[in-house]
Structures are given as C-alpha cells and as structure tokens.
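Novice: Quick one: the structure is below, questions incoming.
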Amino acid sequence: MVTRIAINGAAGRMGQRLVALGNEDKDLDIVACFEYSGHPKFGQDAGIVAGIGELDVVLVEETTAQYDAIIDFSVPAGAHAAVERAVDAKAALVMATTGLEEEHKAKIREAANVIPVVWAPSMSTTVNLTMKLCEIAAEALKDIPGGADVEVLERHHRFKEDSPSGTALRFGELIANKMGITNFVHGREGRPGARPHNEIAYHAIRTGDNPGEHTIIFGLLGETIEMTVRASNRDCYATGALQAAKFAAGKKPGLYNMNDVLGL
Ligand SMILES: NC(=O)C1=CN([C@@H]2O[C@H](COP(=O)(O)OP(=O)(O)OC[C@H]3O[C@@H](n4cnc5c(N)ncnc54)[C@H](OP(=O)(O)O)[C@@H]3O)[C@@H](O)[C@H]2O)C=CC1
Ligand SMILES: O=C(O)C1=N[C@H](C(=O)O)C[C@H](O)C1
C-alpha cells in the first residue's frame, strides 16, 4: 500500500532530504510540500529545491491534496501549523521539530487523542538504540557506591537554533527517571563547588556543519563509561521519519515513539 505524505518545512535541510529520499521510496507518494509564504523558495517546485529535478509538487501553504501522514521538521510555529493540518486532514503526524514550548507540546498531546502521532526528538535508529543502552546503564549504576556522575554532551552545526538539542534533553530525562535525579544544569562557570550527585549537566557545542553527535558520560570513582552516537549525514533522521509515516498512517489515535516504529 502506498502512503501519501505531506512534508512541512520542505525547503529546509531536513525537508530537502525527506523530499529526495521519499521520492525514491516506491511505498511513498509525496503529495504536498509546505513552507510559509514568506520563504524565498515559496511557490517553487520542491524537487528542484531539493536538487532532484522536477517533482510536480510546489511549495505551498495550502493544498487540496489528500494525505495519510504529515511529517514536520520545521520551527515551533511551523510545528503548531502542522498539528492543525494533521487534525483537519485526519492524517497521521510525525513530529520531529525540537525546541518546542509547553503550549506546542500540549497541542501535540491533545492531537494524539484524535490522530496517530509519532513524536521523537531523534528519528535515528542508532540514537534510539543508544537511549535504550543508557537506560540499562542508568539502572545498573543508580546505587553504585561512590555514585555515577552523568553528563550529556552534544555537538551540532552552527545553524541550529535550539540548545541543548531535543535529543540531549531526552537522554537526560530517561537517565534521570532511572536514577532518581532531579537537578539539571547547563554548562558550568565561576565556582559552582563540588559536583553534587543528584545532577545531570548538559553541554552544547556548535561548530561547522555537524549533523549531530551525542556523548553520554557515566563517571564513577576509578572508571568511566561513555556512549557516543554520531550521524554522518541527515539521512538517518529522514529515513526514520519516512518509516514513522508508514507506521503511523492508518494506526489508531495515540502517542507513539520511535521504539514503537523500530520495534526496539
Ligand atoms: N527528530 C529528528 O530526528 C530531527 C529533528 N530535527 C529538528 O527539525 C527541525 C528542523 O531542522 P532543519 O531542517 O535542520 O532546519 P531548517 O531551518 O533547515 O528547516 C526548517 C524549515 O522550516 C521552514 N519554516 C519556518 N517557519 C515555517 C512555518 N511556519 N511553516 C513551515 N515551515 C517553516 C524554514 O524556513 P526558514 O529557513 O526561512 O526559517 C526552513 O525551510 C529543528 O527543530 C531540528 O532540531 C532535525 C534533525 C533531526
Ligand atoms: O537540529 C538538528 O540538526 C538536529 N536536531 C535534533 C535535536 O535537537 O535533537 C536531532 C538531531 O540531533 C539533529
């Protein structure tokens, strides 16, 4: 069965890869590509913008095309619009945008009462697998004598607008839940004093064109374990999101994550 998809933020870095890879997938049909009307590429063919030649799908704000799923990699305002579009169209929603405010998150949760929603800060297989591994480590180390200090480092391209990454925050949340940690800090400066155990620190690095890298450190007295997961390009996120769209289309309403999609 072919899944008809719409892509929101289609002229962006991720949007272009979704257009290119979605077009190669015989089980998918790209029927709509959304951008906001002020975008410099608005009205242009989405395939040309993505560098794959004409697709006959133009960057628009509205469409009469019917779609089974909408994939959103945009900005918070764009994500808000994507939720409304999905609910109006009774389509599945794949929500990938990070840096959302509580009002956007509440809207996504509310939408999941009426449509299927896959929502994840990273659509990458290896990132989601690393999250599982970190949960195992956190469970094993939570009561270790001397304590285990958890620090989450992330590196992304200089254009990234939110910080720390949604993925870093999710790593912290999952580990904190396992270890009973309640304090979170962002970097350190001055003289903060000895590190308390009940704390996870995030460190966000922004350089060049890095498509995404996360290192999770569990530091003990006498030994350290670190897990690093690194993207070589954006296709790991795009293929995951396309897989999520196929998974969600036709599912019953509810909130799903990439573990559901990937069977992790
Ligand atoms: N979950 C995951 O696996 C991943 C999530 N992400 C997240 O996806 C988001 C997008 O990343 P990326 O593609 O690198 O960012 P880009 O800025 O390259 O792309 C976002 C696109 O959305 C456009 N846009 C802005 N406002 C709207 C709107 N109201 N409606 C529709 N489109 C709009 C932007 O236009 P303009 O450039 O003019 O602002 C741009 O074309 C980020 O939040 C990022 O963190 C990224 C990779 C993986
Ligand atoms: O903006 C990006 O590029 C990425 N954003 C996501 C995040 O904030 O976690 C996922 C990925 O790391 C790439």
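How things are named: the first chain in the structure tokens is A, the next is B, and so on; residues count from 1 in each chain; ligands count from 1 in the order shown.
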Enumerate residues in contact with ligand 2: an atom-to-atom distance of at most 6 Å, counting only C-alpha atoms and all ligand atoms. Format the result as a PyMOL selection string.

Specialist: chain A and resi 98+121-122+160+165-167+211-212

Novice: Would you give me, as a ChimeraX atom specification, the residues in range 166-236 of chain A that DSSP reads as alpha helix (DSSP H)?

Specialist: /A:166-179,235-236

Novice: Got a sec to tell me which of range 8-252 of chain A DSSP assigns to strand (DSSP E or B), as a ChimeraX atom specification?

Specialist: /A:8,28-34,45,58-60,69-72,92-95,116-119,149-156,183-186,199-206,213-219,224-230

Novice: For Val31 in chain A, work out the shell of residues within 7 Å, counting only C-alpha atoms and skipping chain neighbours fewer than 3 positions away, then give it as a list in words.

Specialist: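 Near Val31 in chain A, the qualifying residues are Arg4, Ile5, Ala6, Val57, Ala65 and Tyr67 of chain A.
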
Novice: How would the residues just picked look written out with N, CA, C and O atoms as an mmCIF file, in the first residue's frame?

Specialist:
data_model
loop_
_atom_site.group_PDB
_atom_site.id
_atom_site.type_symbol
_atom_site.label_atom_id
_atom_site.label_comp_id
_atom_site.auth_asym_id
_atom_site.auth_seq_id
_atom_site.Cartn_x
_atom_site.Cartn_y
_atom_site.Cartn_z
ATOM 1 N N ARG A 4 0.475 8.226 1.275
ATOM 2 C CA ARG A 4 0.572 9.588 0.705
ATOM 3 C C ARG A 4 1.043 10.534 1.809
ATOM 4 O O ARG A 4 0.403 10.621 2.858
ATOM 5 N N ILE A 5 2.165 11.198 1.551
ATOM 6 C CA ILE A 5 2.720 12.050 2.617
ATOM 7 C C ILE A 5 2.783 13.528 2.219
ATOM 8 O O ILE A 5 2.924 13.878 1.041
ATOM 9 N N ALA A 6 2.682 14.364 3.248
ATOM 10 C CA ALA A 6 2.935 15.797 3.112
ATOM 11 C C ALA A 6 4.150 16.114 3.984
ATOM 12 O O ALA A 6 4.344 15.487 5.032
ATOM 13 N N VAL A 57 5.449 18.970 -7.470
ATOM 14 C CA VAL A 57 4.837 19.340 -6.186
ATOM 15 C C VAL A 57 5.496 20.662 -5.774
ATOM 16 O O VAL A 57 6.708 20.723 -5.605
ATOM 17 N N ALA A 65 -4.803 18.445 -1.868
ATOM 18 C CA ALA A 65 -4.360 17.040 -1.956
ATOM 19 C C ALA A 65 -4.704 16.304 -0.651
ATOM 20 O O ALA A 65 -4.630 16.880 0.431
ATOM 21 N N TYR A 67 -3.742 13.526 2.082
ATOM 22 C CA TYR A 67 -2.555 12.794 2.526
ATOM 23 C C TYR A 67 -2.866 11.946 3.753
ATOM 24 O O TYR A 67 -3.780 12.247 4.512
#

Novice: Counting only C-alpha atoms, what is within 7 Å of Val60 in chain A, bar same-chain residues fewer than 2 positions away, as a PyMOL selection string?

Specialist: chain A and resi 33-35+42-43+58+62

Novice: Need the shell around Thr228 in chain A: protein/DNA/RNA residues with any atom at most 9 Å away, counting only C-alpha atoms. Skip same-chain ones fewer than 3 positions apart. Format as an MDAnalysis selection string?

Specialist: chainID A and resid 130 213:217

Novice: Within 6 Å of ligand 1, which residues of chain A come that close, and what is the closest atom pair and distance in Å for each? Count only C-alpha atoms and all ligand atoms and give it as CSV.

Specialist:
residue,atom,partner,partner_atom_place_in_ligand_line,distance
A:Asn8,CA,ligand 1,31 (C),5.3
A:Gly9,CA,ligand 1,22 (O),3.5
A:Ala11,CA,ligand 1,41 (O),4.3
A:Gly12,CA,ligand 1,19 (O),3.3
A:Arg13,CA,ligand 1,18 (O),3.8
A:Met14,CA,ligand 1,13 (O),3.7
A:Gly15,CA,ligand 1,13 (O),5.7
A:Phe34,CA,ligand 1,31 (C),5.9
A:Glu35,CA,ligand 1,31 (C),4.1
A:Tyr36,CA,ligand 1,30 (N),4.6
A:His39,CA,ligand 1,38 (O),5.1
A:Phe73,CA,ligand 1,8 (O),4.0
A:Ser74,CA,ligand 1,22 (O),3.6
A:Val75,CA,ligand 1,25 (C),5.4
A:Ala77,CA,ligand 1,29 (N),4.9
A:Gly78,CA,ligand 1,29 (N),3.5
A:Ala96,CA,ligand 1,1 (N),3.6
A:Thr97,CA,ligand 1,43 (O),3.8
A:Thr98,CA,ligand 1,43 (O),4.0
A:Ala120,CA,ligand 1,1 (N),5.4
A:Pro121,CA,ligand 1,1 (N),3.9
A:Ser122,CA,ligand 1,3 (O),3.3
A:Met123,CA,ligand 1,3 (O),3.8
A:Ser124,CA,ligand 1,3 (O),5.9
A:Tyr237,CA,ligand 1,3 (O),4.4

Novice: Could you please determine the separation between CA of Gly22 in chain A and CA of Arg170 in chain A in Å, to one decimal place?

Specialist: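 Separating CA of Gly22 in chain A from CA of Arg170 in chain A is a distance of 26.8 Å.
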
Novice: Skip range 145-151 of chain A itself and residues of its chain fewer than 5 positions away, then list as a list in words all residues within 7 Å of it, counting only C-alpha atoms.

Specialist: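 Using only C-alpha atoms, the neighbours found are His197, Ile200, Ala201, Tyr202, Ile216, Ile217, Phe218, Gly219, Leu220 and Leu221 of chain A.
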
Novice: Those residues you just picked out, can you put them in a file as a tab-separated table (two decimals), in the first residue's frame with N, CA, C and O atoms?

Specialist:
chain	number	residue	atom	x	y	z
A	197	HIS	N	25.82	14.72	43.34
A	197	HIS	CA	25.45	13.52	42.58
A	197	HIS	C	24.10	13.66	41.90
A	197	HIS	O	23.88	13.16	40.80
A	200	ILE	N	22.32	16.26	36.48
A	200	ILE	CA	22.78	15.94	35.13
A	200	ILE	C	23.15	17.27	34.47
A	200	ILE	O	22.37	18.24	34.55
A	201	ALA	N	24.32	17.32	33.87
A	201	ALA	CA	24.74	18.56	33.20
A	201	ALA	C	24.73	18.36	31.69
A	201	ALA	O	25.14	17.31	31.19
A	202	TYR	N	24.25	19.37	30.97
A	202	TYR	CA	24.24	19.37	29.51
A	202	TYR	C	25.31	20.33	28.99
A	202	TYR	O	25.51	21.41	29.56
A	216	ILE	N	27.20	10.46	26.08
A	216	ILE	CA	26.65	10.38	27.42
A	216	ILE	C	27.72	9.76	28.30
A	216	ILE	O	28.21	8.66	28.02
A	217	ILE	N	28.11	10.47	29.34
A	217	ILE	CA	29.18	10.03	30.23
A	217	ILE	C	28.59	9.61	31.57
A	217	ILE	O	27.79	10.35	32.15
A	218	PHE	N	28.97	8.41	32.02
A	218	PHE	CA	28.68	7.97	33.38
A	218	PHE	C	30.03	7.89	34.08
A	218	PHE	O	30.81	6.96	33.82
A	219	GLY	N	30.35	8.88	34.90
A	219	GLY	CA	31.67	8.95	35.52
A	219	GLY	C	31.63	8.42	36.95
A	219	GLY	O	30.92	8.97	37.80
A	220	LEU	N	32.39	7.35	37.21
A	220	LEU	CA	32.47	6.77	38.55
A	220	LEU	C	33.81	7.16	39.18
A	220	LEU	O	34.65	7.78	38.52
A	221	LEU	N	34.03	6.77	40.42
A	221	LEU	CA	35.35	6.96	41.01
A	221	LEU	C	36.21	5.78	40.55
A	221	LEU	O	35.91	4.64	40.89

Novice: Which of these, A:Ala50, A:Val87, A:Val261, A:Ala168, has the shortest distance to Leu153 in chain A once you count only C-alpha atoms?

Specialist: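 Smallest distance to Leu153 in chain A is found for A:Ala168.
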
Novice: Point out the residue among A:Leu242, A:Ile108, A:Val49, A:Val118 with the least atom-to-atom distance to Met258 in chain A, counting only C-alpha atoms.

Specialist: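 Comparing A:Leu242, A:Ile108, A:Val49, A:Val118 against Met258 in chain A, the winner is A:Val118.
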
Novice: Which residue gives the smallest distance to Pro76 in chain A among A:Asn177, A:Gly53, A:Lys107, A:Thr63, with only C-alpha atoms counted?

Specialist: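 Ranked by minimum distance to Pro76 in chain A, first place goes to A:Lys107.
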
Novice: Which one is closest to Lys90 in chain A: A:Asp209, A:Glu102, A:Asp27, A:Asp68? Count only C-alpha atoms.

Specialist: A:Asp68

Novice: Quick one: everything within 10 Å of Ala176 in chain A, counting only C-alpha atoms, minus sequence neighbours fewer than 2 positions away in the same chain. Send it as a PDB file with all heavy atoms, in the first residue's frame.

Specialist:
ATOM      1  N   GLU A 135      19.618   3.654  29.308  1.00  0.00           N
ATOM      2  CA  GLU A 135      18.667   3.281  30.367  1.00  0.00           C
ATOM      3  C   GLU A 135      19.181   2.056  31.125  1.00  0.00           C
ATOM      4  O   GLU A 135      19.048   1.971  32.349  1.00  0.00           O
ATOM      5  CB  GLU A 135      17.294   3.000  29.770  1.00  0.00           C
ATOM      6  CG  GLU A 135      16.560   4.266  29.358  1.00  0.00           C
ATOM      7  CD  GLU A 135      15.129   3.960  28.954  1.00  0.00           C
ATOM      8  OE1 GLU A 135      14.927   3.262  27.943  1.00  0.00           O
ATOM      9  OE2 GLU A 135      14.219   4.440  29.648  1.00  0.00           O
ATOM     10  N   ALA A 138      21.999   3.303  33.317  1.00  0.00           N
ATOM     11  CA  ALA A 138      21.478   4.104  34.438  1.00  0.00           C
ATOM     12  C   ALA A 138      20.899   3.194  35.525  1.00  0.00           C
ATOM     13  O   ALA A 138      21.133   3.401  36.716  1.00  0.00           O
ATOM     14  CB  ALA A 138      20.419   5.075  33.933  1.00  0.00           C
ATOM     15  N   GLU A 139      20.157   2.199  35.092  1.00  0.00           N
ATOM     16  CA  GLU A 139      19.553   1.248  36.046  1.00  0.00           C
ATOM     17  C   GLU A 139      20.658   0.516  36.824  1.00  0.00           C
ATOM     18  O   GLU A 139      20.600   0.373  38.041  1.00  0.00           O
ATOM     19  CB  GLU A 139      18.691   0.246  35.247  1.00  0.00           C
ATOM     20  CG  GLU A 139      17.989  -0.810  36.064  1.00  0.00           C
ATOM     21  CD  GLU A 139      16.894  -0.236  36.966  1.00  0.00           C
ATOM     22  OE1 GLU A 139      16.206   0.703  36.527  1.00  0.00           O
ATOM     23  OE2 GLU A 139      16.773  -0.725  38.118  1.00  0.00           O
ATOM     24  N   LYS A 142      22.650   3.122  39.257  1.00  0.00           N
ATOM     25  CA  LYS A 142      21.931   4.090  40.115  1.00  0.00           C
ATOM     26  C   LYS A 142      22.323   4.018  41.591  1.00  0.00           C
ATOM     27  O   LYS A 142      22.340   5.039  42.261  1.00  0.00           O
ATOM     28  CB  LYS A 142      20.417   3.981  39.922  1.00  0.00           C
ATOM     29  CG  LYS A 142      19.786   2.684  40.402  1.00  0.00           C
ATOM     30  CD  LYS A 142      18.263   2.823  40.294  1.00  0.00           C
ATOM     31  CE  LYS A 142      17.569   1.713  41.013  1.00  0.00           C
ATOM     32  NZ  LYS A 142      17.034   0.664  40.208  1.00  0.00           N
ATOM     33  N   VAL A 150      26.503  11.871  35.741  1.00  0.00           N
ATOM     34  CA  VAL A 150      26.042  11.818  34.340  1.00  0.00           C
ATOM     35  C   VAL A 150      26.156  13.199  33.702  1.00  0.00           C
ATOM     36  O   VAL A 150      25.658  14.194  34.237  1.00  0.00           O
ATOM     37  CB  VAL A 150      24.577  11.332  34.268  1.00  0.00           C
ATOM     38  CG1 VAL A 150      24.115  11.281  32.811  1.00  0.00           C
ATOM     39  CG2 VAL A 150      24.433   9.973  34.936  1.00  0.00           C
ATOM     40  N   ARG A 170      16.252  14.497  25.964  1.00  0.00           N
ATOM     41  CA  ARG A 170      15.582  13.203  26.140  1.00  0.00           C
ATOM     42  C   ARG A 170      16.521  12.206  26.826  1.00  0.00           C
ATOM     43  O   ARG A 170      16.108  11.460  27.715  1.00  0.00           O
ATOM     44  CB  ARG A 170      15.096  12.669  24.789  1.00  0.00           C
ATOM     45  CG  ARG A 170      14.417  11.291  24.836  1.00  0.00           C
ATOM     46  CD  ARG A 170      13.164  11.262  25.745  1.00  0.00           C
ATOM     47  NE  ARG A 170      12.250  12.334  25.454  1.00  0.00           N
ATOM     48  CZ  ARG A 170      11.361  12.337  24.452  1.00  0.00           C
ATOM     49  NH1 ARG A 170      11.260  11.284  23.684  1.00  0.00           N
ATOM     50  NH2 ARG A 170      10.581  13.372  24.252  1.00  0.00           N
ATOM     51  N   PHE A 171      17.811  12.199  26.429  1.00  0.00           N
ATOM     52  CA  PHE A 171      18.779  11.325  27.112  1.00  0.00           C
ATOM     53  C   PHE A 171      18.752  11.627  28.614  1.00  0.00           C
ATOM     54  O   PHE A 171      18.682  10.711  29.442  1.00  0.00           O
ATOM     55  CB  PHE A 171      20.202  11.556  26.570  1.00  0.00           C
ATOM     56  CG  PHE A 171      20.584  10.679  25.404  1.00  0.00           C
ATOM     57  CD1 PHE A 171      20.818  11.217  24.156  1.00  0.00           C
ATOM     58  CD2 PHE A 171      20.730   9.308  25.563  1.00  0.00           C
ATOM     59  CE1 PHE A 171      21.175  10.413  23.070  1.00  0.00           C
ATOM     60  CE2 PHE A 171      21.090   8.491  24.489  1.00  0.00           C
ATOM     61  CZ  PHE A 171      21.309   9.049  23.243  1.00  0.00           C
ATOM     62  N   GLY A 172      18.813  12.906  28.953  1.00  0.00           N
ATOM     63  CA  GLY A 172      18.845  13.308  30.361  1.00  0.00           C
ATOM     64  C   GLY A 172      17.600  12.853  31.100  1.00  0.00           C
ATOM     65  O   GLY A 172      17.680  12.326  32.225  1.00  0.00           O
ATOM     66  N   GLU A 173      16.459  13.049  30.439  1.00  0.00           N
ATOM     67  CA  GLU A 173      15.170  12.695  31.058  1.00  0.00           C
ATOM     68  C   GLU A 173      15.086  11.185  31.342  1.00  0.00           C
ATOM     69  O   GLU A 173      14.692  10.772  32.441  1.00  0.00           O
ATOM     70  CB  GLU A 173      14.118  13.101  30.033  1.00  0.00           C
ATOM     71  CG  GLU A 173      12.690  13.122  30.418  1.00  0.00           C
ATOM     72  CD  GLU A 173      11.884  13.531  29.172  1.00  0.00           C
ATOM     73  OE1 GLU A 173      12.060  14.673  28.669  1.00  0.00           O
ATOM     74  OE2 GLU A 173      11.104  12.697  28.683  1.00  0.00           O
ATOM     75  N   LEU A 174      15.478  10.390  30.347  1.00  0.00           N
ATOM     76  CA  LEU A 174      15.394   8.928  30.504  1.00  0.00           C
ATOM     77  C   LEU A 174      16.318   8.443  31.621  1.00  0.00           C
ATOM     78  O   LEU A 174      15.942   7.601  32.443  1.00  0.00           O
ATOM     79  CB  LEU A 174      15.768   8.229  29.179  1.00  0.00           C
ATOM     80  CG  LEU A 174      14.801   8.440  28.012  1.00  0.00           C
ATOM     81  CD1 LEU A 174      15.407   7.885  26.720  1.00  0.00           C
ATOM     82  CD2 LEU A 174      13.454   7.795  28.287  1.00  0.00           C
ATOM     83  N   LYS A 178      15.464   6.855  35.576  1.00  0.00           N
ATOM     84  CA  LYS A 178      16.002   5.591  36.108  1.00  0.00           C
ATOM     85  C   LYS A 178      16.777   5.815  37.407  1.00  0.00           C
ATOM     86  O   LYS A 178      16.782   4.967  38.293  1.00  0.00           O
ATOM     87  CB  LYS A 178      16.951   4.942  35.093  1.00  0.00           C
ATOM     88  CG  LYS A 178      16.256   4.399  33.865  1.00  0.00           C
ATOM     89  CD  LYS A 178      15.632   3.049  34.153  1.00  0.00           C
ATOM     90  CE  LYS A 178      14.943   2.489  32.930  1.00  0.00           C
ATOM     91  NZ  LYS A 178      13.976   1.446  33.244  1.00  0.00           N
ATOM     92  N   MET A 179      17.515   6.956  37.496  1.00  0.00           N
ATOM     93  CA  MET A 179      18.430   7.148  38.628  1.00  0.00           C
ATOM     94  C   MET A 179      17.843   8.017  39.744  1.00  0.00           C
ATOM     95  O   MET A 179      18.497   8.248  40.754  1.00  0.00           O
ATOM     96  CB  MET A 179      19.757   7.759  38.128  1.00  0.00           C
ATOM     97  CG  MET A 179      20.469   6.852  37.130  1.00  0.00           C
ATOM     98  SD  MET A 179      22.047   7.488  36.542  1.00  0.00           S
ATOM     99  CE  MET A 179      23.169   7.036  37.834  1.00  0.00           C
ATOM    100  N   GLY A 180      16.628   8.528  39.509  1.00  0.00           N
ATOM    101  CA  GLY A 180      16.001   9.385  40.518  1.00  0.00           C
ATOM    102  C   GLY A 180      16.663  10.753  40.631  1.00  0.00           C
ATOM    103  O   GLY A 180      16.663  11.371  41.689  1.00  0.00           O
ATOM    104  N   ILE A 181      17.235  11.230  39.519  1.00  0.00           N
ATOM    105  CA  ILE A 181      17.907  12.547  39.525  1.00  0.00           C
ATOM    106  C   ILE A 181      16.885  13.644  39.257  1.00  0.00           C
ATOM    107  O   ILE A 181      16.012  13.505  38.387  1.00  0.00           O
ATOM    108  CB  ILE A 181      19.041  12.568  38.467  1.00  0.00           C
ATOM    109  CG1 ILE A 181      20.129  11.579  38.877  1.00  0.00           C
ATOM    110  CG2 ILE A 181      19.601  13.975  38.285  1.00  0.00           C
ATOM    111  CD1 ILE A 181      21.215  11.364  37.845  1.00  0.00           C
ATOM    112  N   THR A 182      17.014  14.765  39.989  1.00  0.00           N
ATOM    113  CA  THR A 182      16.013  15.824  39.835  1.00  0.00           C
ATOM    114  C   THR A 182      16.599  17.181  39.452  1.00  0.00           C
ATOM    115  O   THR A 182      15.865  18.123  39.178  1.00  0.00           O
ATOM    116  CB  THR A 182      15.194  15.978  41.139  1.00  0.00           C
ATOM    117  OG1 THR A 182      16.127  16.074  42.232  1.00  0.00           O
ATOM    118  CG2 THR A 182      14.283  14.783  41.376  1.00  0.00           C
ATOM    119  N   ASN A 183      17.942  17.304  39.440  1.00  0.00           N
ATOM    120  CA  ASN A 183      18.552  18.608  39.107  1.00  0.00           C
ATOM    121  C   ASN A 183      19.246  18.562  37.757  1.00  0.00           C
ATOM    122  O   ASN A 183      19.966  17.598  37.454  1.00  0.00           O
ATOM    123  CB  ASN A 183      19.597  19.002  40.165  1.00  0.00           C
ATOM    124  CG  ASN A 183      18.933  19.323  41.478  1.00  0.00           C
ATOM    125  OD1 ASN A 183      17.756  19.664  41.525  1.00  0.00           O
ATOM    126  ND2 ASN A 183      19.689  19.179  42.556  1.00  0.00           N
ATOM    127  N   PHE A 184      19.066  19.608  36.974  1.00  0.00           N
ATOM    128  CA  PHE A 184      19.660  19.690  35.633  1.00  0.00           C
ATOM    129  C   PHE A 184      20.371  21.035  35.508  1.00  0.00           C
ATOM    130  O   PHE A 184      19.808  22.069  35.866  1.00  0.00           O
ATOM    131  CB  PHE A 184      18.561  19.567  34.567  1.00  0.00           C
ATOM    132  CG  PHE A 184      17.786  18.279  34.687  1.00  0.00           C
ATOM    133  CD1 PHE A 184      16.639  18.212  35.470  1.00  0.00           C
ATOM    134  CD2 PHE A 184      18.221  17.136  34.052  1.00  0.00           C
ATOM    135  CE1 PHE A 184      15.928  17.021  35.617  1.00  0.00           C
ATOM    136  CE2 PHE A 184      17.519  15.929  34.187  1.00  0.00           C
ATOM    137  CZ  PHE A 184      16.381  15.883  34.965  1.00  0.00           C
ATOM    138  N   ASN A 198      23.206  14.373  42.584  1.00  0.00           N
ATOM    139  CA  ASN A 198      21.829  14.445  42.098  1.00  0.00           C
ATOM    140  C   ASN A 198      21.702  15.485  40.983  1.00  0.00           C
ATOM    141  O   ASN A 198      20.908  16.412  41.071  1.00  0.00           O
ATOM    142  CB  ASN A 198      20.916  14.782  43.281  1.00  0.00           C
ATOM    143  CG  ASN A 198      19.459  14.752  42.881  1.00  0.00           C
ATOM    144  OD1 ASN A 198      19.083  14.042  41.950  1.00  0.00           O
ATOM    145  ND2 ASN A 198      18.649  15.553  43.551  1.00  0.00           N
ATOM    146  N   GLU A 199      22.509  15.326  39.914  1.00  0.00           N
ATOM    147  CA  GLU A 199      22.562  16.378  38.890  1.00  0.00           C
ATOM    148  C   GLU A 199      22.945  15.767  37.547  1.00  0.00           C
ATOM    149  O   GLU A 199      23.776  14.868  37.476  1.00  0.00           O
ATOM    150  CB  GLU A 199      23.620  17.399  39.329  1.00  0.00           C
ATOM    151  CG  GLU A 199      23.949  18.456  38.317  1.00  0.00           C
ATOM    152  CD  GLU A 199      24.898  19.505  38.905  1.00  0.00           C
ATOM    153  OE1 GLU A 199      24.512  20.213  39.863  1.00  0.00           O
ATOM    154  OE2 GLU A 199      26.030  19.601  38.407  1.00  0.00           O
ATOM    155  N   ILE A 200      22.320  16.255  36.481  1.00  0.00           N
ATOM    156  CA  ILE A 200      22.783  15.940  35.126  1.00  0.00           C
ATOM    157  C   ILE A 200      23.145  17.266  34.472  1.00  0.00           C
ATOM    158  O   ILE A 200      22.373  18.236  34.552  1.00  0.00           O
ATOM    159  CB  ILE A 200      21.691  15.215  34.312  1.00  0.00           C
ATOM    160  CG1 ILE A 200      21.470  13.806  34.876  1.00  0.00           C
ATOM    161  CG2 ILE A 200      22.069  15.150  32.826  1.00  0.00           C
ATOM    162  CD1 ILE A 200      20.449  12.966  34.140  1.00  0.00           C
TER     163      ILE A 200
END

Novice: My list of candidates is A:Val117, A:Leu59, A:Ala112, A:Met95. Which is closest to Asp72 in chain A when distances are computed with only C-alpha atoms?

Specialist: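 For Asp72 in chain A, the nearest of the candidates is A:Met95.
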
Novice: Would you mind reading off the distance between CA of Leu18 in chain A and CA of Glu54 in chain A, one decimal, in Å?

Specialist: 14.9 Å

Novice: Rank A:Lys251, A:Ala82, A:Arg155, A:His104 by their smallest atom-to-atom distance to Val229 in chain A, using only C-alpha atoms, and report the top residue only.

Specialist: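 Result for the nearest residue to Val229 in chain A: A:Arg155.
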